[in-house]
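Note: the block below is data.txt and it holds compact mmCIF, C-alpha atoms and all ligand atoms.
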```
# COMPACT_ATOMS: atom_id res chain seq x y z
CA MET A 1 181.32 116.89 311.50
CA ASP A 2 183.63 114.24 312.92
CA THR A 3 186.56 115.66 314.77
CA MET A 4 189.40 114.26 316.84
CA LYS A 5 192.06 115.41 319.22
CA ALA A 6 195.58 115.80 317.82
CA VAL A 7 198.88 117.49 318.58
CA VAL A 8 199.66 119.96 315.83
CA PHE A 9 202.93 121.68 314.87
CA ARG A 10 202.21 125.41 314.69
CA GLY A 11 205.74 126.75 314.39
CA VAL A 12 209.18 126.52 315.99
CA ASN A 13 208.84 125.39 319.62
CA ASP A 14 205.05 125.58 319.31
CA ILE A 15 202.99 122.37 319.45
CA ARG A 16 199.34 122.47 320.51
CA VAL A 17 196.58 120.06 321.39
CA GLU A 18 193.77 120.87 318.97
CA GLU A 19 190.44 119.55 317.74
CA VAL A 20 190.85 118.75 314.03
CA ALA A 21 188.95 116.91 311.29
CA ARG A 22 189.00 113.15 311.61
CA PRO A 23 190.52 111.39 308.56
CA ARG A 24 188.48 109.17 306.24
CA PRO A 25 190.11 106.50 304.06
CA ARG A 26 189.99 106.45 300.28
CA ALA A 27 190.60 103.29 298.23
CA GLY A 28 193.69 101.45 299.45
CA GLN A 29 193.92 103.50 302.64
CA ALA A 30 192.97 102.68 306.20
CA VAL A 31 192.21 104.70 309.30
CA ILE A 32 193.44 103.34 312.60
CA ARG A 33 192.47 104.44 316.09
CA ILE A 34 195.74 105.13 317.89
CA THR A 35 196.00 103.24 321.17
CA ALA A 36 199.64 104.15 321.89
CA THR A 37 202.34 106.30 320.35
CA THR A 38 205.58 107.94 321.40
CA ILE A 39 207.98 110.83 320.83
CA CYS A 40 211.19 110.46 318.82
CA GLY A 41 214.42 112.46 318.77
CA THR A 42 213.49 113.36 315.19
CA ASP A 43 210.33 115.05 316.48
CA VAL A 44 212.55 117.19 318.69
CA HIS A 45 214.56 118.25 315.61
CA ILE A 46 211.27 119.18 313.91
CA VAL A 47 209.82 121.15 316.82
CA LYS A 48 213.09 123.03 317.29
CA GLY A 49 212.96 124.01 313.62
CA GLU A 50 216.05 122.00 312.64
CA TYR A 51 214.08 119.92 310.17
CA PRO A 52 211.34 121.87 308.36
CA VAL A 53 207.75 120.66 308.10
CA ARG A 54 204.64 122.70 307.29
CA PRO A 55 202.80 124.42 310.14
CA GLY A 56 199.44 122.74 310.75
CA LEU A 57 200.90 119.24 310.42
CA ILE A 58 200.14 116.57 313.04
CA LEU A 59 203.51 115.16 314.13
CA GLY A 60 204.50 111.66 315.28
CA HIS A 61 205.55 108.58 313.30
CA GLU A 62 205.28 105.67 315.73
CA PRO A 63 201.73 104.25 315.62
CA VAL A 64 200.17 101.37 317.52
CA GLY A 65 196.42 101.04 317.03
CA VAL A 66 193.26 99.27 315.98
CA ILE A 67 191.78 99.29 312.47
CA GLU A 68 188.83 101.70 312.58
CA GLU A 69 187.87 101.98 308.92
CA LEU A 70 189.09 100.39 305.69
CA GLY A 71 189.06 101.99 302.25
CA GLU A 72 188.04 99.97 299.20
CA GLY A 73 190.21 97.00 298.25
CA LEU A 74 191.45 95.92 301.69
CA GLY A 75 188.57 93.78 302.96
CA ASP A 76 190.07 90.44 301.90
CA ASP A 77 193.15 90.88 304.05
CA TYR A 78 192.08 93.08 306.95
CA ALA A 79 189.08 93.66 309.18
CA VAL A 80 187.89 96.49 311.40
CA GLY A 81 188.94 95.89 315.00
CA GLN A 82 192.27 94.18 314.26
CA ARG A 83 195.25 95.41 316.26
CA VAL A 84 198.09 96.73 314.11
CA ILE A 85 201.33 98.62 314.05
CA VAL A 86 202.55 100.65 311.10
CA GLY A 87 206.20 101.37 310.42
CA ALA A 88 207.42 104.95 310.70
CA ILE A 89 208.34 104.53 307.05
CA THR A 90 205.42 103.64 304.77
CA PRO A 91 206.73 102.47 301.39
CA CYS A 92 204.26 102.14 298.49
CA GLY A 93 205.86 98.89 297.31
CA GLN A 94 205.44 99.81 293.63
CA CYS A 95 207.67 102.71 292.63
CA PHE A 96 211.17 102.67 291.13
CA TYR A 97 212.84 102.84 294.55
CA CYS A 98 210.63 100.23 296.22
CA LEU A 99 211.08 97.80 293.35
CA ASN A 100 214.84 98.36 293.54
CA GLY A 101 214.81 97.45 297.23
CA ALA A 102 215.29 100.99 298.58
CA HIS A 103 211.89 101.10 300.29
CA SER A 104 212.73 103.93 302.69
CA GLN A 105 213.58 106.12 299.71
CA CYS A 106 210.13 105.42 298.19
CA ARG A 107 209.47 107.90 295.34
CA GLY A 108 212.65 109.87 296.13
CA ALA A 109 215.11 110.84 298.88
CA LEU A 110 213.59 110.10 302.33
CA GLY A 111 210.25 109.72 300.52
CA GLY A 112 209.17 106.68 302.53
CA TRP A 113 209.03 108.83 305.65
CA ARG A 114 205.60 110.41 305.41
CA PHE A 115 203.97 110.34 308.88
CA GLY A 116 204.62 113.60 310.69
CA ASN A 117 206.79 114.75 307.80
CA THR A 118 204.75 115.15 304.61
CA ILE A 119 201.38 113.82 305.86
CA ASN A 120 199.61 113.89 309.23
CA GLY A 121 201.18 111.69 311.89
CA ALA A 122 200.37 109.58 314.92
CA TRP A 123 200.04 112.18 317.69
CA ALA A 124 196.27 111.94 317.35
CA GLU A 125 193.25 109.83 318.13
CA TYR A 126 193.09 108.61 314.51
CA LEU A 127 195.66 108.15 311.75
CA LEU A 128 195.23 107.78 308.00
CA VAL A 129 197.52 105.01 306.71
CA PRO A 130 198.50 105.36 303.03
CA ASP A 131 199.21 102.25 300.93
CA ALA A 132 197.66 100.22 303.73
CA GLN A 133 198.11 96.87 301.98
CA ALA A 134 201.89 97.28 302.22
CA ASN A 135 201.93 98.78 305.68
CA LEU A 136 199.40 97.38 308.17
CA ALA A 137 201.14 94.74 310.31
CA LEU A 138 198.90 92.64 312.57
CA VAL A 139 199.79 92.47 316.26
CA PRO A 140 199.17 89.12 318.02
CA ASP A 141 196.72 89.28 320.93
CA ASP A 142 199.26 88.12 323.48
CA LEU A 143 201.48 91.16 322.96
CA SER A 144 200.76 94.44 324.75
CA ASP A 145 200.91 97.84 323.05
CA GLU A 146 204.06 98.63 324.99
CA GLN A 147 205.76 95.46 323.79
CA VAL A 148 205.43 96.63 320.17
CA LEU A 149 205.60 100.41 320.63
CA MET A 150 209.32 100.62 319.82
CA LEU A 151 209.04 98.57 316.62
CA PRO A 152 207.79 101.17 314.09
CA ASP A 153 210.95 103.27 314.40
CA ILE A 154 213.43 102.79 317.24
CA ALA A 155 213.92 99.03 316.97
CA SER A 156 213.70 98.93 313.19
CA THR A 157 216.25 101.74 312.85
CA GLY A 158 218.61 100.61 315.60
CA ILE A 159 218.76 96.98 314.52
CA SER A 160 219.24 98.07 310.89
CA GLY A 161 222.53 99.63 311.97
CA ALA A 162 223.88 96.14 312.63
CA GLU A 163 222.25 94.73 309.50
CA SER A 164 223.56 97.44 307.17
CA GLY A 165 226.98 97.06 308.76
CA ASN A 166 226.69 93.35 307.96
CA VAL A 167 227.71 92.29 311.45
CA ARG A 168 228.90 88.69 311.24
CA LEU A 169 229.17 85.88 313.74
CA GLY A 170 232.10 86.56 316.06
CA ASP A 171 232.56 90.18 315.00
CA SER A 172 233.80 92.98 317.22
CA VAL A 173 231.35 95.87 317.15
CA ALA A 174 231.55 99.37 318.61
CA VAL A 175 228.34 101.37 319.06
CA PHE A 176 228.65 105.12 319.54
CA ALA A 177 225.82 106.67 321.63
CA GLN A 178 223.32 104.66 323.66
CA GLY A 179 220.09 106.57 323.33
CA PRO A 180 217.07 104.46 322.36
CA ILE A 181 218.38 103.94 318.79
CA GLY A 182 221.93 103.19 319.90
CA LEU A 183 220.64 100.69 322.45
CA CYS A 184 218.71 98.94 319.70
CA ALA A 185 221.86 98.96 317.56
CA THR A 186 223.65 97.23 320.43
CA LEU A 187 220.79 94.73 320.57
CA GLY A 188 221.04 94.29 316.79
CA ALA A 189 224.75 93.47 317.05
CA LYS A 190 223.94 90.88 319.71
CA LEU A 191 221.12 89.35 317.64
CA ARG A 192 223.48 89.04 314.67
CA GLY A 193 226.03 87.16 316.76
CA ALA A 194 228.73 89.71 317.50
CA ALA A 195 231.29 88.41 320.00
CA LEU A 196 232.50 91.71 321.44
CA ILE A 197 230.16 94.67 321.66
CA VAL A 198 231.60 97.92 323.02
CA ALA A 199 229.02 100.59 323.80
CA VAL A 200 230.15 104.21 324.13
CA ASP A 201 228.12 106.88 325.94
CA PRO A 202 228.89 109.61 328.49
CA ASN A 203 225.60 108.99 330.37
CA ALA A 204 225.98 106.49 333.25
CA GLU A 205 222.34 105.33 333.20
CA ARG A 206 222.56 104.66 329.49
CA ARG A 207 225.75 102.65 329.97
CA VAL A 208 223.93 100.47 332.50
CA MET A 209 221.10 99.99 330.01
CA ALA A 210 223.67 99.16 327.29
CA ARG A 211 224.85 96.15 329.28
CA ARG A 212 221.23 95.04 329.56
CA PHE A 213 220.81 95.31 325.80
CA GLY A 214 223.85 93.14 325.08
CA ALA A 215 227.00 95.25 325.35
CA SER A 216 230.08 93.36 326.61
CA LEU A 217 231.26 96.58 328.17
CA ALA A 218 230.23 100.22 328.16
CA ILE A 219 232.79 103.02 327.96
CA ASP A 220 232.51 106.62 329.14
CA PRO A 221 234.18 108.65 326.35
CA GLU A 222 234.68 111.54 328.75
CA GLY A 223 236.73 109.33 331.06
CA VAL A 224 238.73 107.25 328.59
CA ASP A 225 239.86 107.49 324.98
CA ALA A 226 237.19 105.29 323.36
CA VAL A 227 239.08 104.82 320.09
CA LYS A 228 242.21 103.68 321.92
CA ALA A 229 240.19 101.37 324.15
CA ILE A 230 238.43 99.77 321.16
CA ARG A 231 241.77 99.28 319.39
CA SER A 232 243.33 97.63 322.40
CA LEU A 233 240.31 95.35 322.85
CA THR A 234 240.65 94.20 319.24
CA GLY A 235 244.33 93.28 319.07
CA GLY A 236 245.25 96.78 317.90
CA ARG A 237 243.17 96.43 314.71
CA GLY A 238 239.94 98.25 315.47
CA ALA A 239 236.33 97.07 315.32
CA ASP A 240 234.98 95.06 312.39
CA VAL A 241 231.91 97.28 312.47
CA ALA A 242 231.35 100.64 314.16
CA ILE A 243 227.81 101.98 314.42
CA GLU A 244 227.18 105.72 314.80
CA ALA A 245 223.84 106.48 316.47
CA LEU A 246 223.94 110.18 317.30
CA GLY A 247 224.62 112.33 314.23
CA ARG A 248 227.54 114.49 315.32
CA GLN A 249 230.95 115.06 313.75
CA GLN A 250 232.64 113.94 316.96
CA THR A 251 230.93 110.54 317.16
CA PHE A 252 231.17 110.01 313.40
CA GLU A 253 234.89 110.66 313.51
CA ALA A 254 235.43 108.47 316.58
CA ALA A 255 233.47 105.67 314.89
CA LEU A 256 235.57 106.04 311.74
CA ARG A 257 238.82 105.98 313.70
CA SER A 258 237.75 102.87 315.57
CA VAL A 259 236.99 100.80 312.43
CA ARG A 260 239.70 98.42 311.27
CA PRO A 261 241.02 98.56 307.71
CA GLY A 262 238.44 96.73 305.58
CA GLY A 263 235.76 97.28 308.24
CA THR A 264 232.45 99.09 308.05
CA LEU A 265 231.12 102.29 309.56
CA SER A 266 227.35 101.96 309.73
CA SER A 267 225.78 105.35 310.28
CA LEU A 268 222.30 105.90 311.74
CA GLY A 269 222.68 109.50 312.90
CA VAL A 270 220.88 112.49 311.41
CA TYR A 271 223.55 115.09 310.58
CA SER A 272 223.44 118.75 309.85
CA GLY A 273 226.10 121.03 308.35
CA LYS A 274 229.30 119.48 307.08
CA LEU A 275 230.58 116.01 307.88
CA VAL A 276 234.35 115.53 307.65
CA ALA A 277 236.29 112.28 307.22
CA PRO A 278 239.93 113.04 308.18
CA TYR A 279 242.34 111.47 305.68
CA GLU A 280 244.28 109.49 308.28
CA ALA A 281 241.07 107.90 309.62
CA ILE A 282 240.33 106.48 306.17
CA HIS A 283 243.99 105.72 305.43
CA ALA A 284 244.14 108.41 302.76
CA GLY A 285 241.10 106.86 301.11
CA LEU A 286 242.84 103.50 300.62
CA GLY A 287 241.66 101.67 303.76
CA ASP A 288 238.99 99.51 302.07
CA GLN A 289 236.46 100.70 304.64
CA ARG A 290 232.80 101.02 303.85
CA ILE A 291 230.58 103.82 305.10
CA VAL A 292 226.88 102.95 304.86
CA THR A 293 223.86 104.99 305.88
CA THR A 294 220.37 103.72 306.67
CA LEU A 295 216.93 105.24 307.09
CA CYS A 296 214.53 103.20 309.22
CA PRO A 297 213.25 100.17 307.26
CA GLY A 298 209.45 100.11 307.15
CA GLY A 299 206.60 98.17 305.54
CA LYS A 300 204.52 95.35 307.01
CA GLU A 301 206.99 92.54 306.35
CA ARG A 302 209.70 94.37 308.28
CA MET A 303 207.23 94.93 311.13
CA ARG A 304 206.16 91.27 311.04
CA ARG A 305 209.76 90.16 311.51
CA LEU A 306 210.29 92.52 314.43
CA ILE A 307 207.02 91.37 316.02
CA GLN A 308 208.27 87.78 315.69
CA LEU A 309 211.43 88.65 317.60
CA VAL A 310 209.33 90.05 320.44
CA GLN A 311 206.79 87.23 320.40
CA HIS A 312 209.46 84.54 320.58
CA GLY A 313 211.30 86.25 323.38
CA ARG A 314 214.42 87.28 321.43
CA MET A 315 214.05 90.88 322.51
CA ASP A 316 212.17 92.95 325.07
CA LEU A 317 212.05 96.68 324.49
CA THR A 318 209.68 97.56 327.33
CA PRO A 319 212.54 98.76 329.60
CA LEU A 320 212.91 101.72 327.22
CA VAL A 321 209.51 103.11 328.24
CA THR A 322 210.19 105.15 331.35
CA HIS A 323 207.23 107.60 331.41
CA ARG A 324 203.56 107.51 330.42
CA PHE A 325 201.15 110.31 329.47
CA SER A 326 197.75 111.05 327.92
CA LEU A 327 197.49 112.77 324.52
CA ASP A 328 196.53 116.04 326.27
CA GLN A 329 199.76 115.83 328.17
CA LEU A 330 201.89 115.35 325.05
CA PRO A 331 203.34 118.88 325.10
CA GLU A 332 204.35 118.22 328.72
CA ALA A 333 205.83 114.85 327.72
CA TYR A 334 207.68 116.61 324.90
CA GLU A 335 209.24 119.06 327.35
CA LEU A 336 210.48 116.22 329.53
CA PHE A 337 211.74 114.18 326.58
CA SER A 338 213.48 117.05 324.78
CA ARG A 339 215.30 118.08 327.96
CA GLN A 340 216.13 114.44 328.74
CA ALA A 341 214.94 115.15 332.26
CA ASP A 342 214.09 112.68 335.02
CA GLY A 343 216.08 109.84 333.43
CA VAL A 344 213.62 109.64 330.54
CA MET A 345 214.42 107.16 327.77
CA LYS A 346 211.14 106.91 325.84
CA VAL A 347 207.64 108.03 326.76
CA ALA A 348 204.40 106.20 325.96
CA ILE A 349 201.41 108.35 324.97
CA TYR A 350 197.94 106.84 325.47
CA PRO A 351 195.21 108.78 323.61
CA ALA A 352 192.44 106.92 325.46
CA LEU A 353 193.56 108.33 328.80
CA ALA A 354 191.34 111.13 330.05
CA LYS A 355 192.81 114.60 330.35
CA GLY A 356 195.05 114.97 333.34
CA THR A 357 194.70 111.37 334.47
CA ALA A 358 197.89 109.84 335.74
CA TRP A 359 198.64 106.65 333.84
CA HIS A 360 198.88 104.52 336.95
CA ASP A 361 195.57 105.83 338.33
CA ALA A 362 193.79 105.13 335.06
CA VAL A 363 194.98 101.69 334.15
CA GLY A 364 196.92 100.34 337.09
CA ALA A 365 200.48 99.18 337.36
CA GLY A 366 199.79 95.93 335.48
CA ALA A 367 198.72 97.65 332.28
CA ALA A 368 202.09 97.36 330.61
CA GLU A 369 201.45 93.62 330.71
CA ARG A 370 198.14 94.45 329.02
ZN ZN B 401 211.77 108.59 314.73
ZN ZN B 402 207.62 103.27 296.66
```
Go through the file and emit its structure as structure tokens.
Amino acid sequence: MDTMKAVVFRGVNDIRVEEVARPRPRAGQAVIRITATTICGTDVHIVKGEYPVRPGLILGHEPVGVIEELGEGLGDDYAVGQRVIVGAITPCGQCFYCLNGAHSQCRGALGGWRFGNTINGAWAEYLLVPDAQANLALVPDDLSDEQVLMLPDIASTGISGAESGNVRLGDSVAVFAQGPIGLCATLGAKLRGAALIVAVDPNAERRVMARRFGASLAIDPEGVDAVKAIRSLTGGRGADVAIEALGRQQTFEAALRSVRPGGTLSSLGVYSGKLVAPYEAIHAGLGDQRIVTTLCPGGKERMRRLIQLVQHGRMDLTPLVTHRFSLDQLPEAYELFSRQADGVMKVAIYPALAKGTAWHDAVGAGAAER
């Protein structure tokens, strides 16, 4: 029997490297060999038991790989051996929600998010891709795995914060939290032509990175009153768009208080418990503000557009990858990532690396360039 190595969720704070059955595609599905994947903040929520998934599930929703096997019906458009990425969200393209433009909510609330949620995910040597025709996005040969590794989730989600907020040319934008998603939201505001971008994060390293990703200035909310600062930078009005990229009451409220009347709060955070909008922050409900939420946009056309931005030099997300591991070392990488130790931003996981091999020893320092 064909087996593969994978990292399986066994229970709260329990992930294990196991030998499991290798997937086989049915009609319309594809199997890709994972060449690189990563760990997301959402995976941390799952492992800590804050977002329930079934024990026995392979986690991970950020796949970069090579087509290994195609199910019936895909041969005209794809071939074995092609390099691909697949969005974290895999819409079917045919249901009520997809045909109404809400692809991430495919077949129901959050339904587009399947990898490492309702079906096996990318922390494995092989991954079964459902609705492959709508979801396999080809990667040009001149781009390395690391250049596209952030596209399936982090970049798509972060940039969507600026898109959903409808950031316009010359806008003032505030971005609350500069983790990987917040940094991509900052980048999204820049790509959409914001004039002033104020990044807010208590972490000094992340504030430095924020400037690199396009922030005009980066504020430490523990040192200054961020809402006041944003108001004074915008003629007392507040930001045209505030993006929340953490998922806490505190940042949500600060974002809301920093939006001008008629402005937009674009929320990317994953919240738990109750979320409160104080009446004065929304001008008793009469402030003409919009609050919009977004789940990572997926599907191959979304991925194609993001790939284009990388290929034509409009964005470079490789600085986000700070650490590299083999698949065997994923539990170790998870520990580091979940504790935010050693200045980690994002890790890259390479399944082809032999057990215990240090990334640099195996592939050399030039490998990120491919
Ligand atoms: Zn994610
Ligand atoms: Zn659908």
Open item on the list: Given the point (232.8, 96.7, 316.8) in the file's coordinates, find the residues that have an atom at most 6 Å from it, counting only C-alpha atoms, and give them as a PyMOL selection string.
Closed with: chain A and resi 172-174+197+239-242
TODO: Taking only C-alpha atoms and all ligand atoms into account, report as a PyMOL selection string which residues have an atom no farther than 8 Å from an atom of ligand ZN 401 (chain B).
DONE: chain A and resi 39-43+60-62+88+153-154
Task: Nearest candidate to Glu222 (chain A) (options A:Val129, A:Leu169, A:Ala109, A:Ala204; using only C-alpha atoms) - done: A:Ala204
Open item on the list: So that I can see what lies close to region 283-288 of chain A, please list as a PyMOL selection string the residues with an atom at most 12 Å from it, counting all atoms listed in the file and leaving out residues fewer than 6 positions away in the same chain.
Closed with: chain A and resi 240+256-257+259-265+277
Open item on the list: Counting only C-alpha atoms, which residues sit no farther than 10 Å from the position (210.6, 101.4, 301.3) in the file's frame? I'd like them as an MDAnalysis selection string.
Closed with: chainID A and resid 89:95 97:107 110:113 134 295:299 302
- [ ] Skip Pro319 (chain A) itself and residues of its chain fewer than 5 positions away, then list as a PyMOL selection string all residues within 10 Å of it, counting all atoms listed in the file.
- [x] chain A and resi 146-147+209+212-213+345-346
Can region 128-139 of chain A be brought up to all heavy atoms and written out as a PDB file, keeping the file's coordinate frame?
```
ATOM      1  N   LEU A 128     195.447 108.306 309.350  1.00  0.00           N
ATOM      2  CA  LEU A 128     195.230 107.780 308.000  1.00  0.00           C
ATOM      3  C   LEU A 128     196.500 107.078 307.539  1.00  0.00           C
ATOM      4  O   LEU A 128     197.584 107.658 307.547  1.00  0.00           O
ATOM      5  CB  LEU A 128     194.910 108.927 307.027  1.00  0.00           C
ATOM      6  CG  LEU A 128     194.661 108.484 305.583  1.00  0.00           C
ATOM      7  CD1 LEU A 128     193.266 107.873 305.432  1.00  0.00           C
ATOM      8  CD2 LEU A 128     194.819 109.652 304.614  1.00  0.00           C
ATOM      9  N   VAL A 129     196.367 105.794 307.157  1.00  0.00           N
ATOM     10  CA  VAL A 129     197.520 105.010 306.710  1.00  0.00           C
ATOM     11  C   VAL A 129     197.475 104.902 305.185  1.00  0.00           C
ATOM     12  O   VAL A 129     196.544 104.309 304.632  1.00  0.00           O
ATOM     13  CB  VAL A 129     197.514 103.598 307.330  1.00  0.00           C
ATOM     14  CG1 VAL A 129     198.707 102.785 306.842  1.00  0.00           C
ATOM     15  CG2 VAL A 129     197.494 103.687 308.850  1.00  0.00           C
ATOM     16  N   PRO A 130     198.469 105.463 304.490  1.00  0.00           N
ATOM     17  CA  PRO A 130     198.500 105.360 303.030  1.00  0.00           C
ATOM     18  C   PRO A 130     199.013 103.969 302.635  1.00  0.00           C
ATOM     19  O   PRO A 130     199.686 103.306 303.434  1.00  0.00           O
ATOM     20  CB  PRO A 130     199.496 106.446 302.628  1.00  0.00           C
ATOM     21  CG  PRO A 130     200.452 106.517 303.781  1.00  0.00           C
ATOM     22  CD  PRO A 130     199.639 106.191 305.021  1.00  0.00           C
ATOM     23  N   ASP A 131     198.711 103.543 301.427  1.00  0.00           N
ATOM     24  CA  ASP A 131     199.210 102.250 300.930  1.00  0.00           C
ATOM     25  C   ASP A 131     199.093 101.178 302.020  1.00  0.00           C
ATOM     26  O   ASP A 131     200.047 100.478 302.350  1.00  0.00           O
ATOM     27  CB  ASP A 131     200.667 102.382 300.463  1.00  0.00           C
ATOM     28  CG  ASP A 131     200.806 103.401 299.338  1.00  0.00           C
ATOM     29  OD1 ASP A 131     200.101 103.263 298.331  1.00  0.00           O
ATOM     30  OD2 ASP A 131     201.605 104.356 299.488  1.00  0.00           O
ATOM     31  N   ALA A 132     197.882 101.060 302.547  1.00  0.00           N
ATOM     32  CA  ALA A 132     197.660 100.220 303.730  1.00  0.00           C
ATOM     33  C   ALA A 132     198.040  98.762 303.498  1.00  0.00           C
ATOM     34  O   ALA A 132     198.524  98.087 304.409  1.00  0.00           O
ATOM     35  CB  ALA A 132     196.195 100.325 304.162  1.00  0.00           C
ATOM     36  N   GLN A 133     197.795  98.273 302.285  1.00  0.00           N
ATOM     37  CA  GLN A 133     198.110  96.870 301.980  1.00  0.00           C
ATOM     38  C   GLN A 133     199.584  96.558 302.251  1.00  0.00           C
ATOM     39  O   GLN A 133     199.928  95.462 302.679  1.00  0.00           O
ATOM     40  CB  GLN A 133     197.786  96.608 300.508  1.00  0.00           C
ATOM     41  CG  GLN A 133     197.926  95.166 300.071  1.00  0.00           C
ATOM     42  CD  GLN A 133     196.772  94.308 300.560  1.00  0.00           C
ATOM     43  OE1 GLN A 133     195.620  94.573 300.251  1.00  0.00           O
ATOM     44  NE2 GLN A 133     197.080  93.281 301.335  1.00  0.00           N
ATOM     45  N   ALA A 134     200.454  97.509 302.027  1.00  0.00           N
ATOM     46  CA  ALA A 134     201.890  97.280 302.220  1.00  0.00           C
ATOM     47  C   ALA A 134     202.343  97.615 303.638  1.00  0.00           C
ATOM     48  O   ALA A 134     203.488  97.342 303.995  1.00  0.00           O
ATOM     49  CB  ALA A 134     202.689  98.128 301.221  1.00  0.00           C
ATOM     50  N   ASN A 135     201.430  98.192 304.429  1.00  0.00           N
ATOM     51  CA  ASN A 135     201.930  98.780 305.680  1.00  0.00           C
ATOM     52  C   ASN A 135     201.242  98.391 306.987  1.00  0.00           C
ATOM     53  O   ASN A 135     201.779  98.653 308.056  1.00  0.00           O
ATOM     54  CB  ASN A 135     201.928 100.305 305.537  1.00  0.00           C
ATOM     55  CG  ASN A 135     203.030 100.772 304.600  1.00  0.00           C
ATOM     56  OD1 ASN A 135     204.209 100.625 304.928  1.00  0.00           O
ATOM     57  ND2 ASN A 135     202.668 101.279 303.440  1.00  0.00           N
ATOM     58  N   LEU A 136     200.067  97.785 306.917  1.00  0.00           N
ATOM     59  CA  LEU A 136     199.400  97.380 308.170  1.00  0.00           C
ATOM     60  C   LEU A 136     199.951  96.025 308.619  1.00  0.00           C
ATOM     61  O   LEU A 136     199.797  95.027 307.923  1.00  0.00           O
ATOM     62  CB  LEU A 136     197.888  97.255 307.967  1.00  0.00           C
ATOM     63  CG  LEU A 136     197.070  98.520 307.671  1.00  0.00           C
ATOM     64  CD1 LEU A 136     195.614  98.129 307.379  1.00  0.00           C
ATOM     65  CD2 LEU A 136     197.135  99.503 308.834  1.00  0.00           C
ATOM     66  N   ALA A 137     200.584  95.993 309.773  1.00  0.00           N
ATOM     67  CA  ALA A 137     201.140  94.740 310.310  1.00  0.00           C
ATOM     68  C   ALA A 137     200.318  94.313 311.521  1.00  0.00           C
ATOM     69  O   ALA A 137     200.192  95.079 312.482  1.00  0.00           O
ATOM     70  CB  ALA A 137     202.602  94.927 310.698  1.00  0.00           C
ATOM     71  N   LEU A 138     199.764  93.108 311.485  1.00  0.00           N
ATOM     72  CA  LEU A 138     198.900  92.640 312.570  1.00  0.00           C
ATOM     73  C   LEU A 138     199.700  92.328 313.827  1.00  0.00           C
ATOM     74  O   LEU A 138     200.791  91.758 313.766  1.00  0.00           O
ATOM     75  CB  LEU A 138     198.132  91.392 312.123  1.00  0.00           C
ATOM     76  CG  LEU A 138     197.201  91.591 310.912  1.00  0.00           C
ATOM     77  CD1 LEU A 138     196.539  90.271 310.519  1.00  0.00           C
ATOM     78  CD2 LEU A 138     196.132  92.648 311.216  1.00  0.00           C
ATOM     79  N   VAL A 139     199.140  92.714 314.967  1.00  0.00           N
ATOM     80  CA  VAL A 139     199.790  92.470 316.260  1.00  0.00           C
ATOM     81  C   VAL A 139     199.070  91.297 316.951  1.00  0.00           C
ATOM     82  O   VAL A 139     197.859  91.340 317.127  1.00  0.00           O
ATOM     83  CB  VAL A 139     199.705  93.725 317.166  1.00  0.00           C
ATOM     84  CG1 VAL A 139     200.269  93.441 318.555  1.00  0.00           C
ATOM     85  CG2 VAL A 139     200.428  94.894 316.519  1.00  0.00           C
TER      86      VAL A 139
END
```
